[in-house]
Each structure stands twice: as C-alpha cells, then as structure tokens.
>>> print(open('run.cif').read())   # mmCIF, C-alpha atoms and all ligand atoms
data_final
loop_
_atom_site.label_atom_id
_atom_site.label_comp_id
_atom_site.auth_asym_id
_atom_site.auth_seq_id
_atom_site.Cartn_x
_atom_site.Cartn_y
_atom_site.Cartn_z
CA MET A 1 63.43 102.17 76.37
CA ALA A 2 63.60 104.80 73.67
CA SER A 3 65.44 107.76 72.24
CA VAL A 4 63.79 111.21 72.35
CA THR A 5 64.25 113.77 69.58
CA LEU A 6 62.97 117.33 69.62
CA THR A 7 63.14 119.23 66.35
CA GLY A 8 62.40 122.95 66.23
CA ALA A 9 60.14 122.58 69.28
CA GLN A 10 58.14 125.72 70.00
CA LYS A 11 55.64 126.73 72.63
CA ARG A 12 53.62 129.90 72.77
CA PHE A 13 51.15 130.89 75.47
CA GLY A 14 49.03 133.51 73.67
CA ASN A 15 51.52 136.01 72.28
CA VAL A 16 54.33 134.94 74.55
CA THR A 17 56.91 132.52 73.16
CA VAL A 18 58.21 130.33 75.97
CA ILE A 19 60.12 127.70 73.95
CA SER A 20 61.76 129.00 70.78
CA GLY A 21 62.93 126.30 68.43
CA VAL A 22 64.62 123.67 70.59
CA ASP A 23 66.58 120.92 68.82
CA LEU A 24 67.72 118.10 71.07
CA GLN A 25 68.59 114.44 70.64
CA ILE A 26 68.50 112.22 73.69
CA ALA A 27 69.89 108.72 73.25
CA ASP A 28 68.15 105.56 74.38
CA GLY A 29 69.01 105.00 78.05
CA GLU A 30 70.54 108.44 78.55
CA PHE A 31 70.02 110.54 81.71
CA VAL A 32 69.54 114.16 80.64
CA VAL A 33 69.01 117.04 83.08
CA PHE A 34 67.42 120.39 82.17
CA VAL A 35 68.73 123.36 84.14
CA GLY A 36 68.32 127.12 83.79
CA PRO A 37 67.02 130.14 85.68
CA SER A 38 63.46 130.27 86.95
CA GLY A 39 61.01 130.79 84.08
CA CYS A 40 63.40 129.68 81.30
CA GLY A 41 61.00 126.95 80.15
CA LYS A 42 62.39 123.75 81.74
CA SER A 43 59.04 122.47 83.00
CA THR A 44 57.22 123.53 79.86
CA LEU A 45 59.63 121.55 77.67
CA LEU A 46 59.25 118.51 79.93
CA ARG A 47 55.46 118.81 79.88
CA MET A 48 55.54 119.02 76.07
CA ILE A 49 57.43 115.72 75.97
CA ALA A 50 54.93 114.26 78.46
CA GLY A 51 51.96 115.38 76.38
CA LEU A 52 50.65 117.74 79.07
CA GLU A 53 51.26 120.77 76.82
CA ASP A 54 50.77 120.78 73.07
CA PHE A 55 53.38 121.93 70.56
CA SER A 56 52.97 125.35 68.90
CA GLY A 57 55.54 124.22 66.31
CA GLY A 58 58.18 121.60 65.66
CA SER A 59 58.11 117.91 66.41
CA LEU A 60 58.78 115.20 68.98
CA GLN A 61 59.88 111.66 68.25
CA ILE A 62 60.06 108.93 70.88
CA GLY A 63 61.73 105.72 69.76
CA GLY A 64 61.71 107.09 66.22
CA LYS A 65 57.91 107.61 66.13
CA HIS A 66 56.25 111.01 65.85
CA MET A 67 54.47 111.75 69.12
CA GLU A 68 53.72 115.48 69.17
CA ASP A 69 50.05 114.84 68.40
CA VAL A 70 49.69 111.58 70.36
CA MET A 71 47.80 111.72 73.67
CA ALA A 72 49.88 111.59 76.86
CA SER A 73 48.82 108.10 77.92
CA LYS A 74 49.92 106.62 74.58
CA ARG A 75 53.44 108.07 74.49
CA GLY A 76 55.12 105.46 76.67
CA VAL A 77 56.26 108.15 79.13
CA ALA A 78 55.64 108.50 82.86
CA MET A 79 56.16 111.65 84.87
CA VAL A 80 57.06 112.15 88.53
CA PHE A 81 56.03 115.51 89.96
CA GLN A 82 57.47 117.64 92.77
CA SER A 83 54.09 117.51 94.52
CA TYR A 84 53.91 113.64 94.40
CA ALA A 85 50.24 113.93 93.34
CA LEU A 86 49.22 110.76 95.24
CA TYR A 87 45.56 109.82 95.79
CA PRO A 88 45.10 110.51 99.54
CA HIS A 89 42.26 108.03 100.12
CA MET A 90 44.04 105.08 98.46
CA THR A 91 46.62 102.78 100.01
CA VAL A 92 50.19 102.77 98.75
CA ALA A 93 49.47 99.55 96.85
CA ARG A 94 46.46 101.06 95.05
CA ASN A 95 48.30 104.30 94.36
CA ILE A 96 51.03 102.30 92.64
CA GLY A 97 48.72 99.94 90.77
CA PHE A 98 45.95 102.36 89.84
CA ALA A 99 47.18 103.07 86.31
CA LEU A 100 47.16 99.32 85.66
CA GLU A 101 43.59 98.98 87.03
CA THR A 102 42.38 101.57 84.57
CA ASN A 103 44.16 99.60 81.80
CA GLY A 104 42.08 96.55 82.68
CA MET A 105 44.98 94.36 83.82
CA PRO A 106 43.94 91.29 85.92
CA ARG A 107 44.10 91.84 89.70
CA ALA A 108 46.68 89.14 90.39
CA GLU A 109 49.00 90.61 87.77
CA ILE A 110 48.58 94.11 89.22
CA ALA A 111 49.36 92.80 92.71
CA ARG A 112 52.49 91.03 91.44
CA LYS A 113 53.77 94.11 89.58
CA THR A 114 52.98 96.39 92.52
CA ARG A 115 54.95 94.16 94.90
CA GLU A 116 57.86 93.97 92.49
CA VAL A 117 58.07 97.75 92.15
CA ALA A 118 57.61 98.27 95.91
CA GLU A 119 60.50 95.89 96.62
CA LEU A 120 62.71 97.70 94.11
CA LEU A 121 61.95 100.99 95.89
CA LYS A 122 62.21 99.48 99.37
CA ILE A 123 58.63 100.31 100.33
CA GLY A 124 57.36 96.70 100.36
CA LYS A 125 56.33 97.00 104.02
CA LEU A 126 54.25 100.13 103.46
CA LEU A 127 51.77 98.82 100.91
CA ASP A 128 48.74 99.01 103.24
CA ARG A 129 49.37 102.55 104.45
CA LYS A 130 47.70 105.73 103.23
CA PRO A 131 49.89 108.60 101.94
CA ARG A 132 49.29 110.68 105.10
CA GLU A 133 51.00 107.91 107.10
CA LEU A 134 54.23 108.25 105.10
CA SER A 135 57.26 110.52 105.33
CA GLY A 136 58.09 112.86 102.44
CA GLY A 137 60.76 110.51 101.13
CA GLN A 138 58.41 107.52 101.30
CA ARG A 139 55.71 109.49 99.45
CA GLN A 140 58.18 110.34 96.72
CA ARG A 141 59.11 106.65 96.44
CA VAL A 142 55.41 105.83 95.96
CA ALA A 143 55.20 108.51 93.26
CA ILE A 144 58.21 106.97 91.52
CA GLY A 145 56.67 103.51 91.96
CA ARG A 146 53.50 104.67 90.28
CA ALA A 147 55.55 105.76 87.27
CA LEU A 148 57.73 102.62 87.29
CA VAL A 149 54.86 100.15 87.34
CA ARG A 150 53.78 101.32 83.91
CA SER A 151 57.18 100.24 82.47
CA PRO A 152 57.56 103.49 80.55
CA ASP A 153 60.06 103.94 77.73
CA VAL A 154 60.93 107.38 79.09
CA PHE A 155 60.85 108.70 82.65
CA LEU A 156 60.25 112.40 83.20
CA PHE A 157 61.03 114.02 86.55
CA ASP A 158 59.97 117.59 87.39
CA GLU A 159 62.01 118.69 90.42
CA PRO A 160 61.10 115.46 92.23
CA LEU A 161 63.23 116.08 95.31
CA SER A 162 62.72 119.77 96.02
CA ASN A 163 60.18 119.17 98.82
CA LEU A 164 62.57 116.93 100.75
CA ASP A 165 65.08 117.93 103.42
CA ALA A 166 68.80 117.75 102.67
CA ASP A 167 69.41 114.22 104.00
CA LEU A 168 66.46 112.74 102.16
CA ARG A 169 67.43 114.52 98.98
CA THR A 170 70.84 112.91 99.09
CA GLU A 171 69.29 109.50 99.75
CA MET A 172 66.70 109.81 96.98
CA ARG A 173 69.29 111.17 94.57
CA ALA A 174 71.32 108.01 95.06
CA GLU A 175 68.13 105.98 94.66
CA ILE A 176 67.28 107.60 91.33
CA ALA A 177 70.85 107.05 90.10
CA ARG A 178 70.56 103.38 91.12
CA LEU A 179 67.21 103.00 89.34
CA HIS A 180 68.66 104.50 86.19
CA LYS A 181 71.60 102.13 86.29
CA GLU A 182 69.46 99.07 87.01
CA LEU A 183 66.68 99.80 84.54
CA GLY A 184 68.80 101.47 81.84
CA VAL A 185 65.75 103.54 80.91
CA THR A 186 65.84 107.02 79.32
CA MET A 187 65.37 109.71 81.97
CA ILE A 188 64.79 113.45 81.60
CA TYR A 189 65.02 115.41 84.81
CA VAL A 190 64.35 119.06 85.65
CA THR A 191 66.09 120.58 88.65
CA HIS A 192 67.30 123.79 90.27
CA ASP A 193 69.90 121.87 92.20
CA GLN A 194 73.46 121.99 90.83
CA VAL A 195 74.55 118.91 92.75
CA GLU A 196 71.65 116.86 91.38
CA ALA A 197 72.43 118.03 87.85
CA MET A 198 76.18 117.42 88.11
CA THR A 199 75.88 114.01 89.78
CA LEU A 200 72.92 112.46 87.95
CA ALA A 201 73.33 113.68 84.38
CA ASP A 202 75.01 111.96 81.48
CA ARG A 203 74.41 115.32 79.77
CA ILE A 204 73.09 118.63 81.05
CA VAL A 205 70.98 120.95 78.89
CA VAL A 206 71.33 124.59 79.93
CA LEU A 207 68.25 126.60 78.95
CA ARG A 208 67.76 130.35 78.93
CA GLU A 209 64.62 132.15 77.82
CA GLY A 210 63.34 129.12 75.94
CA ARG A 211 66.55 128.40 74.04
CA ILE A 212 69.38 125.96 74.57
CA GLU A 213 72.61 127.70 75.56
CA GLN A 214 74.74 124.54 75.70
CA VAL A 215 74.44 120.77 75.94
CA GLY A 216 77.27 118.68 77.34
CA THR A 217 78.50 116.35 80.03
CA PRO A 218 78.80 117.93 83.47
CA ALA A 219 82.60 117.93 83.08
CA GLU A 220 82.42 119.62 79.66
CA LEU A 221 80.11 122.36 80.87
CA TYR A 222 82.30 123.01 83.89
CA ALA A 223 85.61 123.00 82.00
CA HIS A 224 84.51 124.44 78.65
CA PRO A 225 81.43 126.65 79.02
CA ALA A 226 80.40 127.99 75.60
CA ASN A 227 79.59 131.42 76.95
CA GLU A 228 79.46 133.67 79.97
CA PHE A 229 75.92 132.59 80.85
CA VAL A 230 76.83 128.90 81.10
CA ALA A 231 80.10 129.77 82.87
CA SER A 232 78.21 131.65 85.55
CA PHE A 233 75.37 129.12 85.79
CA ILE A 234 77.43 125.93 86.20
CA GLY A 235 79.62 125.84 89.30
CA SER A 236 78.94 126.83 92.88
CA PRO A 237 79.94 129.30 94.18
CA ARG A 238 79.67 130.86 90.74
CA MET A 239 82.60 131.99 88.57
CA ASN A 240 84.10 135.41 89.36
CA PHE A 241 84.08 137.96 86.54
CA ALA A 242 85.85 141.25 85.81
CA ALA A 243 86.51 143.51 82.82
CA ALA A 244 89.72 142.33 81.15
CA ALA A 245 91.14 145.84 81.61
CA ASP A 246 90.82 145.49 85.40
CA VAL A 247 92.94 142.33 85.54
CA PRO A 248 96.34 143.44 84.20
CA GLY A 249 98.61 140.85 82.64
CA ARG A 250 95.86 138.23 82.34
CA GLY A 251 94.32 139.28 79.02
CA MET A 252 93.37 136.84 76.29
CA GLY A 253 93.12 137.82 72.62
CA GLY A 254 89.64 139.10 71.88
CA ALA A 255 88.41 138.87 75.46
CA VAL A 256 86.75 141.91 77.00
CA LYS A 257 85.75 140.04 80.14
CA LEU A 258 87.62 137.48 82.19
CA GLY A 259 86.37 134.80 84.54
CA VAL A 260 88.05 132.72 87.24
CA ARG A 261 86.42 129.98 89.30
CA PRO A 262 86.60 130.40 93.10
CA GLU A 263 88.42 127.09 93.48
CA ALA A 264 91.27 128.17 91.16
CA ILE A 265 92.29 131.25 93.15
CA LEU A 266 95.04 131.27 95.77
CA LEU A 267 95.97 133.94 98.30
CA SER A 268 99.48 135.00 97.34
CA SER A 269 102.21 137.56 97.99
CA SER A 270 101.69 139.13 94.57
CA GLY A 271 99.01 139.25 91.89
CA LEU A 272 95.63 140.96 91.70
CA ALA A 273 95.22 143.37 94.63
CA ALA A 274 92.08 143.08 96.77
CA THR A 275 90.82 143.57 100.31
CA LEU A 276 89.53 140.69 102.37
CA GLU A 277 85.95 141.44 103.33
CA ARG A 278 84.40 138.39 105.00
CA VAL A 279 85.10 134.74 105.72
CA GLU A 280 82.44 132.03 106.01
CA ASP A 281 83.54 128.87 107.77
CA LEU A 282 81.46 126.01 106.36
CA GLY A 283 83.23 123.39 108.46
CA HIS A 284 84.63 121.38 105.56
CA GLU A 285 85.99 124.52 103.84
CA GLN A 286 86.07 128.31 104.06
CA LEU A 287 84.53 130.76 101.62
CA ILE A 288 86.44 134.01 101.41
CA TYR A 289 84.85 137.17 100.00
CA VAL A 290 87.26 139.78 98.69
CA ARG A 291 86.71 143.25 97.18
CA LEU A 292 88.75 144.05 94.05
CA GLU A 293 90.02 147.59 93.47
CA ASN A 294 87.37 148.00 90.77
CA GLY A 295 84.72 147.38 93.43
CA ARG A 296 83.71 143.85 92.38
CA LEU A 297 83.17 141.20 95.03
CA TRP A 298 84.94 137.90 94.28
CA THR A 299 84.64 134.58 96.08
CA LEU A 300 87.48 132.17 96.86
CA ARG A 301 87.44 128.74 98.40
CA ALA A 302 90.05 127.74 100.95
CA ALA A 303 90.75 124.57 102.89
CA LYS A 304 89.12 124.33 106.32
CA ASP A 305 92.45 124.72 108.11
CA ALA A 306 93.97 127.37 105.78
CA ASP A 307 95.44 130.42 107.48
CA VAL A 308 93.20 133.29 106.35
CA PRO A 309 93.99 136.97 107.10
CA GLN A 310 91.54 139.10 109.10
CA PRO A 311 88.78 141.11 107.36
CA GLY A 312 90.14 144.44 106.12
CA ALA A 313 93.55 142.99 105.28
CA PRO A 314 95.07 143.83 101.89
CA ILE A 315 95.69 140.63 99.92
CA PHE A 316 96.79 139.45 96.49
CA LEU A 317 95.07 136.87 94.33
CA ASP A 318 96.85 134.48 92.00
CA TRP A 319 95.72 131.61 89.79
CA PRO A 320 97.16 129.48 87.00
CA ASP A 321 96.89 131.05 83.53
CA ALA A 322 95.02 127.95 82.35
CA ALA A 323 92.27 128.79 84.88
CA THR A 324 91.45 132.11 83.21
CA TYR A 325 88.32 132.12 81.04
CA GLY A 326 87.88 134.85 78.43
CA PHE A 327 84.65 136.16 76.91
CA ASP A 328 84.13 138.46 73.92
CA ALA A 329 81.75 141.42 73.75
CA ALA A 330 78.85 139.07 72.89
CA GLY A 331 79.65 136.88 75.91
CA ARG A 332 81.04 134.00 73.83
CA ALA A 333 83.95 132.03 75.25
CA VAL A 334 87.32 132.96 73.72
CA GLN A 335 89.66 130.01 73.18
CA ARG A 336 92.75 130.06 75.37
CA SER A 337 94.99 129.29 72.39
CA ALA A 338 94.02 132.71 70.98
CA ALA A 339 95.78 134.43 73.88
N1 LIG B 401 49.91 127.91 81.24
C1 LIG B 401 50.69 128.98 81.06
N2 LIG B 401 50.21 130.13 80.57
C2 LIG B 401 50.99 131.21 80.36
N3 LIG B 401 52.32 131.23 80.63
C3 LIG B 401 52.86 130.12 81.13
C4 LIG B 401 52.09 128.94 81.37
N4 LIG B 401 52.92 127.99 81.88
C5 LIG B 401 54.15 128.55 81.94
N5 LIG B 401 54.13 129.83 81.50
C6 LIG B 401 55.26 130.75 81.39
O1 LIG B 401 56.27 130.11 80.65
C7 LIG B 401 57.56 130.43 81.14
C8 LIG B 401 58.31 129.15 81.43
O2 LIG B 401 57.70 128.50 82.51
P1 LIG B 401 58.28 127.14 83.08
O3 LIG B 401 57.41 126.73 84.20
O4 LIG B 401 58.47 126.19 81.96
O5 LIG B 401 59.71 127.60 83.60
P2 LIG B 401 60.75 126.85 84.49
O6 LIG B 401 62.07 127.04 83.83
O7 LIG B 401 60.31 125.45 84.73
O8 LIG B 401 60.69 127.69 85.81
P3 LIG B 401 60.89 127.30 87.36
O9 LIG B 401 62.33 126.93 87.46
O10 LIG B 401 60.55 128.55 88.07
O11 LIG B 401 59.96 126.15 87.64
C9 LIG B 401 57.35 131.29 82.36
O12 LIG B 401 57.52 132.64 81.98
C10 LIG B 401 55.90 131.03 82.72
O13 LIG B 401 55.33 132.14 83.35
#
>>> encode(input="run.cif", output="structure tokens", more="lines below")
Ligand SMILES: Nc1ncnc2c1ncn2[C@@H]1O[C@H](COP(=O)(O)OP(=O)(O)OP(=O)(O)O)[C@@H](O)[C@H]1O
Amino acid sequence: MASVTLTGAQKRFGNVTVISGVDLQIADGEFVVFVGPSGCGKSTLLRMIAGLEDFSGGSLQIGGKHMEDVMASKRGVAMVFQSYALYPHMTVARNIGFALETNGMPRAEIARKTREVAELLKIGKLLDRKPRELSGGQRQRVAIGRALVRSPDVFLFDEPLSNLDADLRTEMRAEIARLHKELGVTMIYVTHDQVEAMTLADRIVVLREGRIEQVGTPAELYAHPANEFVASFIGSPRMNFAAAADVPGRGMGGAVKLGVRPEAILLSSSGLAATLERVEDLGHEQLIYVRLENGRLWTLRAAKDADVPQPGAPIFLDWPDAATYGFDAAGRAVQRSAA
C-alpha cells in the first residue's frame, strides 16, 4: 500500500500539451476516480503513474519515493485495462500467474497465489479454461486477478467495465468496491460513468483540458461545485442553467448565470413560466423536458406516479432558494451567503 503524489505533472505529445501541471495527493488506501470529458487527459495521467508514458515535467512519488524515472515494472503498480489484454492461448491460471513466472517465483508458490486470487475473485472453477471460453465479466475478473497476484501497492484501472453490459457492470462495480474494502489498497480509476465515479470514489478528480478543475468527495462535488464546468459535469441529468436576468427574483450577488438541478425543481402554480415539451417515463421515475420563455430546454425529475400535464401545457417551475447555484462571468461559483 502506498500514497501517490503528483507535483506539477506535465505531458506533451510533440507541441501539444495534454497534461498541464497537475498537483494531486492521494492518500494510502484511498480510492480516487478521474473523470472529465473525452480527451481531457484521464488515461494519459493514469498511464504516467503506471510508467507507460514518461513525464515531460514534474514529478511522481509513490510511497514517498520518486518514481517518474523508474521503469513500470519496478513501481509497485498494476493496471487493469478496458480491453482485458489477456493472453488468448494461455489458461486462466497461467494468465493470472504469468507475471510471477517471469519473476522466477517457484511453481508451487505461483500455483498457491493463483488459487488464492482466483478464490477471492470467485473464478476458482475456471482456472483451466482459455479466455475465449469465458464471459466478458469472467474475463475482466481474470484481468483483475492478474493485477492482484502481483500484490501491487497501487491499482490503476482504465475504464475496466465499459465493455460489459449493464447487469455485469453493476456486479463488477460491487466486486471492485469489495476488493478495495478487503485489501485496503490505493486505487486510481478512470471512468466515463457517473454512477461508478459517485459510488466507488472516496474522492473524485474532475479534469478538463489537462488541468484539475476540482477534487472532492462525491457529495462535495455534487453539493458545492467550484465552477459551472463541475456543476454541469457532476449530476445526471445535468444541472439546468439560465442567464440570471431570465430568472427574475432568484438572483444572487455577483451571479450572471444561475443553475438548478433537475431533482430540485417542482411543478407549481406560480414561479418561472415554461411550456411542457416532452415526458420520458423511465419506470422508476419520469423525466420532464420544459421550454423556458428564453428558449432554453430544462429537465425536471418527477416521481413515477406524479400527475404530469400534457405536452404543450403552460406550467410554472419552483424550487427552494437554497437549491439555486450562482456563477460569475468567469464561471466560478458564487457563494449563496453573498446573495
Ligand atoms: N500517443 C499520443 N500521441 C499524441 N496525442 C496523444 C497520444 N495519446 C493521447 N493523446 C492526446 O492526448 C489527449 C488526452 O488523451 P487521453 O486518452 O488521456 O484522454 P481521455 O480523457 O482518457 O479521453 P477518453 O475519455 O476519450 O478516453 C487527447 O487529445 C489525445 O488525442
């Protein structure tokens, strides 16, 4: 187990800067998730920690030791990829134990460790199969097993569940959470999936164009986004926005833009005027799309059995004052107390 510290980390590909001075401290045993739009540098930063990309500037410490110039295999990290990257001609047992073979560990010891890891991942009965004889979820378990068997100080996951269907994703998400709890090992995890980020992370790192926008617990990022970007990125469906001038009576000092989360808004007999445009019944809840007078489309969430007017109906939107977020001209969050 080990802490991970990035200081001024930079990555350039030719003339293009992809990571621009990232400072981040990850505590020993912490589960940290990197999120951000496609191309923001999540995988690159992970691969720099893994030793699969070199640093163009700045430093990396793992367990207090400088590692930016140390080769990947000597960093005490193991990475699990989206593609599994299993050896197709080897059995599950050999796939899991292969890294130990190349280390020169005695066969009996490799067999013991392989069995132990396979039991932990509930694939003990599959050790003689080849990868093509496994389901996607089982393959991903083997990939995790291959990382686990090396007893790394730090686990790195690059979108490990994105090739799985929804049910398996949920199952493997729970499995990864269980592993983290049982092993207490530091984990850094890249995902596009909000639910994975919100449910797995001790802290989420929101990246944008190679910079950190905010670092915080899932609850902090949801309740207190530092800026408009984080506010719109965390939460699904995303926060609704409008110019402060278009939402009379709801202004906050210094705010030029306001935001309200879909789950905070109620249909009411007075408030912000809008027209109901479309309703999506998701079974467990309804999503309601409404058009404001300024032309913006907002989203609301309503209970599955809520009485919702027909499309085309004029409606009014209301929400508690405490649910209004304000942003200044630079997109920074304006404190509510300034209102
Ligand atoms: N080997 C490379 N050479 C040149 N540019 C690269 C290389 N690898 C990545 N990039 C660029 O670096 C930027 C960040 O890529 P990266 O894969 O880290 O983003 P990401 O946030 O993981 O994206 P996604 O969510 O789509 O996987 C992208 O603009 C990408 O095109």
>>> residues_near_ligand(input="run.cif", ligand="ligand LIG 401 (chain B)", cutoff="6 Å", atoms="all atoms listed in the file", output="VMD selection string")
chain A and resid 13 18 37 to 44
>>> closest_residue(input="run.cif", among="A:Leu86, A:Ile176, A:Met79, A:Met187", to="A:Ala147", atoms="only C-alpha atoms")
A:Met79
>>> closest_residue(input="run.cif", among="A:Tyr87, A:Phe327, A:Phe316, A:Phe155", to="A:Ala50", atoms="only C-alpha atoms")
A:Phe155
>>> closest_atom_pairs(input="run.cif", of="stretch 128-247 of chain A", to="stretch 319-326 of chain A", cutoff="10 Å", atoms="all atoms listed in the file", output="tab-separated table")
residue	atom	partner	partner_atom	distance
A:Ala223	CA	A:Ala323	CA	9.3
A:His224	CA	A:Tyr325	CA	8.9
A:Pro225	CA	A:Tyr325	CA	9.0
A:Asn227	CA	A:Gly326	CA	9.1
A:Glu228	CA	A:Gly326	CA	8.6
A:Ala231	CA	A:Tyr325	CA	8.7
A:Met239	CA	A:Tyr325	CA	9.5
A:Asn240	CA	A:Tyr325	CA	9.9
A:Phe241	CA	A:Tyr325	CA	9.1
A:Ala242	CA	A:Gly326	CA	10.0
A:Ala243	CA	A:Gly326	CA	9.8
A:Ala244	CA	A:Gly326	CA	8.2
>>> atom_distance(input="run.cif", atom1="atom CA of A:Leu120", atom2="atom CA of A:Tyr189")
20.1 Å
>>> closest_residue(input="run.cif", among="A:Gly145, A:Gly210, A:Gly104, A:Gly64", to="A:Val22", atoms="all atoms listed in the file")
A:Gly210
>>> decode(input="run.cif", residues="stretch 157-228 of chain A", atoms="C-alpha atoms", output="PDB file, in the first residue's frame")
ATOM      1  CA  PHE A 157      -7.998   0.910 -13.602  1.00  0.00           C
ATOM      2  CA  ASP A 158      -8.609   2.391 -17.060  1.00  0.00           C
ATOM      3  CA  GLU A 159     -12.361   2.152 -17.743  1.00  0.00           C
ATOM      4  CA  PRO A 160     -12.343  -1.512 -16.706  1.00  0.00           C
ATOM      5  CA  LEU A 161     -16.085  -2.059 -17.008  1.00  0.00           C
ATOM      6  CA  SER A 162     -17.012  -0.195 -20.173  1.00  0.00           C
ATOM      7  CA  ASN A 163     -17.121  -3.345 -22.335  1.00  0.00           C
ATOM      8  CA  LEU A 164     -19.637  -5.044 -20.052  1.00  0.00           C
ATOM      9  CA  ASP A 165     -23.430  -4.934 -20.231  1.00  0.00           C
ATOM     10  CA  ALA A 166     -25.394  -3.057 -17.578  1.00  0.00           C
ATOM     11  CA  ASP A 167     -26.003  -6.009 -15.233  1.00  0.00           C
ATOM     12  CA  LEU A 168     -22.400  -7.129 -15.277  1.00  0.00           C
ATOM     13  CA  ARG A 169     -21.192  -3.588 -14.752  1.00  0.00           C
ATOM     14  CA  THR A 170     -23.252  -3.343 -11.602  1.00  0.00           C
ATOM     15  CA  GLU A 171     -21.950  -6.701 -10.389  1.00  0.00           C
ATOM     16  CA  MET A 172     -18.307  -5.891 -11.128  1.00  0.00           C
ATOM     17  CA  ARG A 173     -18.654  -2.430  -9.618  1.00  0.00           C
ATOM     18  CA  ALA A 174     -19.720  -4.035  -6.355  1.00  0.00           C
ATOM     19  CA  GLU A 175     -16.849  -6.500  -6.705  1.00  0.00           C
ATOM     20  CA  ILE A 176     -14.268  -3.746  -7.104  1.00  0.00           C
ATOM     21  CA  ALA A 177     -15.713  -1.891  -4.103  1.00  0.00           C
ATOM     22  CA  ARG A 178     -15.470  -5.122  -2.080  1.00  0.00           C
ATOM     23  CA  LEU A 179     -11.859  -5.695  -3.167  1.00  0.00           C
ATOM     24  CA  HIS A 180     -10.940  -2.171  -2.167  1.00  0.00           C
ATOM     25  CA  LYS A 181     -12.515  -2.629   1.239  1.00  0.00           C
ATOM     26  CA  GLU A 182     -10.935  -6.030   1.826  1.00  0.00           C
ATOM     27  CA  LEU A 183      -7.454  -5.194   0.561  1.00  0.00           C
ATOM     28  CA  GLY A 184      -7.346  -1.548   1.687  1.00  0.00           C
ATOM     29  CA  VAL A 185      -5.052  -0.851  -1.268  1.00  0.00           C
ATOM     30  CA  THR A 186      -4.727   2.513  -3.056  1.00  0.00           C
ATOM     31  CA  MET A 187      -6.824   2.552  -6.230  1.00  0.00           C
ATOM     32  CA  ILE A 188      -6.951   5.076  -9.066  1.00  0.00           C
ATOM     33  CA  TYR A 189      -9.776   4.566 -11.517  1.00  0.00           C
ATOM     34  CA  VAL A 190     -10.673   6.263 -14.803  1.00  0.00           C
ATOM     35  CA  THR A 191     -14.282   6.201 -15.942  1.00  0.00           C
ATOM     36  CA  HIS A 192     -16.913   7.911 -18.073  1.00  0.00           C
ATOM     37  CA  ASP A 193     -19.635   6.522 -15.876  1.00  0.00           C
ATOM     38  CA  GLN A 194     -21.118   8.910 -13.295  1.00  0.00           C
ATOM     39  CA  VAL A 195     -22.565   6.114 -11.199  1.00  0.00           C
ATOM     40  CA  GLU A 196     -19.205   4.343 -10.992  1.00  0.00           C
ATOM     41  CA  ALA A 197     -17.496   7.592 -10.012  1.00  0.00           C
ATOM     42  CA  MET A 198     -20.104   8.576  -7.415  1.00  0.00           C
ATOM     43  CA  THR A 199     -20.363   5.123  -5.831  1.00  0.00           C
ATOM     44  CA  LEU A 200     -16.742   3.949  -5.845  1.00  0.00           C
ATOM     45  CA  ALA A 201     -14.756   7.104  -5.115  1.00  0.00           C
ATOM     46  CA  ASP A 202     -13.507   8.378  -1.801  1.00  0.00           C
ATOM     47  CA  ARG A 203     -12.596  11.451  -3.875  1.00  0.00           C
ATOM     48  CA  ILE A 204     -13.288  12.384  -7.483  1.00  0.00           C
ATOM     49  CA  VAL A 205     -10.815  14.386  -9.581  1.00  0.00           C
ATOM     50  CA  VAL A 206     -12.553  16.380 -12.321  1.00  0.00           C
ATOM     51  CA  LEU A 207     -10.192  17.058 -15.225  1.00  0.00           C
ATOM     52  CA  ARG A 208     -10.629  19.414 -18.145  1.00  0.00           C
ATOM     53  CA  GLU A 209      -8.084  20.002 -20.893  1.00  0.00           C
ATOM     54  CA  GLY A 210      -5.253  18.547 -18.830  1.00  0.00           C
ATOM     55  CA  ARG A 211      -5.959  20.541 -15.673  1.00  0.00           C
ATOM     56  CA  ILE A 212      -7.739  19.737 -12.443  1.00  0.00           C
ATOM     57  CA  GLU A 213     -10.997  21.665 -12.082  1.00  0.00           C
ATOM     58  CA  GLN A 214     -11.879  20.313  -8.632  1.00  0.00           C
ATOM     59  CA  VAL A 215     -11.061  17.476  -6.256  1.00  0.00           C
ATOM     60  CA  GLY A 216     -13.537  16.393  -3.602  1.00  0.00           C
ATOM     61  CA  THR A 217     -15.775  13.694  -2.228  1.00  0.00           C
ATOM     62  CA  PRO A 218     -18.731  12.816  -4.452  1.00  0.00           C
ATOM     63  CA  ALA A 219     -21.038  14.628  -2.006  1.00  0.00           C
ATOM     64  CA  GLU A 220     -18.863  17.770  -2.017  1.00  0.00           C
ATOM     65  CA  LEU A 221     -18.717  17.942  -5.795  1.00  0.00           C
ATOM     66  CA  TYR A 222     -22.467  17.474  -6.064  1.00  0.00           C
ATOM     67  CA  ALA A 223     -23.385  19.982  -3.345  1.00  0.00           C
ATOM     68  CA  HIS A 224     -20.582  22.529  -3.768  1.00  0.00           C
ATOM     69  CA  PRO A 225     -19.203  22.528  -7.316  1.00  0.00           C
ATOM     70  CA  ALA A 226     -16.384  25.076  -7.595  1.00  0.00           C
ATOM     71  CA  ASN A 227     -17.497  26.258 -11.004  1.00  0.00           C
ATOM     72  CA  GLU A 228     -20.002  25.912 -13.805  1.00  0.00           C
TER      73      GLU A 228
END
